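Colleague: Please find one structure pasted underneath; my questions will follow.
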Amino acid sequence: MPRSVAPWEVERKLIVKTEEETDPRYGCNPEERPAQEYIKFGVINLDKPAGPTSHEVAAWVKRILNIQNVGHGGTLEA
Amino acid sequence: MTGVLPITLEESRKIVQALLLSGKEYVCIMKLHGDTPEERVRAVLKEFEDIIYQRPPLRASVKRQLRTRRIYYIDFIEMDGRNVLFKVGCEGGTYIRMLCHHIGEVLGCGAHMQELRRTRAGPFVEEEGIVTLHDVAYWFMEWQKDKDNTVLKRFIQPMEKALALVPKIYIRDSAVDAVCHGARLTAPGVVSLETGISSGSMVAILTLKGEAVALARAEASTEEILNMEHGVVARTKRVLMPKGTYPKGWRSGEV
């Protein structure tokens, strides 16, 4: 079997179909969101410690940041 | 087990689906149950660079049905006695503990997973922007002192980062709110798009400012979309942006 290409090894190019401008009055570049919005639409690349479950770690983050909802992307066993 | 565990906050939980499906990479120490020559171990690891069958373990939270997962690569790093260190790139949902067990069976001596660290989950890698729970607690406290946004950026990334590996379609301001309401994306709304989109594949719909609008299923390929003047380009699956962020760009109720 030849080594297959992992999704992160795929290179994509952007192709422009039409020229168009965006109105600065609406929305916001993700990097420049106001603090509350930045947190609300944010993701943490967390280094899970050994011991607690992924679920417990997510619950700790929820408590530290004092927010309503957290989730995690793919269980990593305790 | 340690390593990359992306945590989604509030609204960004909507992209969990994309993360679960994304590929993973691990470094693993596998313990062999008998002495085996290195060449033999290397050869057997190579055999597993393929589509493999796995049945979820007893205590798994998913249906215990035989399923297939693709192993993109297994790179042997080193071996010390019966400990084998390797790196594996695989589809989301691959059980590495089971992979080690199966490698042991093919080797004949048996083997088990000794230690595991996840080095990648989709676009998130351990070399870039990774933080510990202590970092999160510390930087959040620092941020609360003077609400300096650059401090927030030290441990939180925009949810758009999670979509880095999903092919993207950028749309006009006037098409944004319709998609936020769950409408399908049609050709006139498309401004630019990435290569590699095929009919049926998952795409991310973004604004020209780079904000995520929705996850969708493409109805045509990149080449087809470029030549389309009308018709459905993608079906909206998961709306990520709140309605009303952009003005309503369509007419309703008028003759």
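Residues in the structure tokens are numbered from 1 in each chain, the chains being A, B, ... in the order shown, and ligands are numbered from 1 in the order shown.
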Just the strand (DSSP E) stuff from segment 28-126 of chain B, please, per backbone DSSP, written as a ChimeraX atom specification.

Modeller: /B:28-32,51-54,67-80,83-90,111-121,124-125

Colleague: Write out as a list of chain:residue names the residues lying within 10 Å of Lys62 of chain A, counting only C-alpha atoms and excluding same-chain residues fewer than 3 positions away.

Modeller: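 Neighbouring residues, sequence-local ones excluded: A:Glu56, A:Val57, A:Ala58, A:Ala59, A:Leu65, A:Asn66, A:Ile67, A:Gln68, A:Asn69, A:Val70, A:Gly71, B:Ile7, B:Thr8, B:Leu9, B:Glu10.
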
Colleague: Using only C-alpha atoms, can you tell me which of B:Thr36, B:Thr2, B:Thr68, B:Thr186 comes closest to chain A?

Modeller: B:Thr2

Colleague: Quick one: everything within 8 Å of segment 17-28 of chain A, counting only C-alpha atoms, minus sequence neighbours fewer than 6 positions away in the same chain. Send it as a ChimeraX atom specification.

Modeller: /B:172-173,190-193,208-209,211,226,245-247

Colleague: Select, as a PyMOL selection string, those residues of chain A with any atom no more than 7 Å from chain B (distances computed using only C-alpha atoms).

Modeller: chain A and resi 1+3-8+12-20+22+26-31+35+38-50+58+64+68-74+76-78

Colleague: Can you list every residue in chain A that DSSP puts in alpha helix (DSSP H), as a list in words?

Modeller: Ala35, Gln36, Glu37, Tyr38, Ile39, Lys40, Ser54, His55, Glu56, Val57, Ala58, Ala59, Trp60, Val61, Lys62, Arg63, Ile64 and Leu65 of chain A
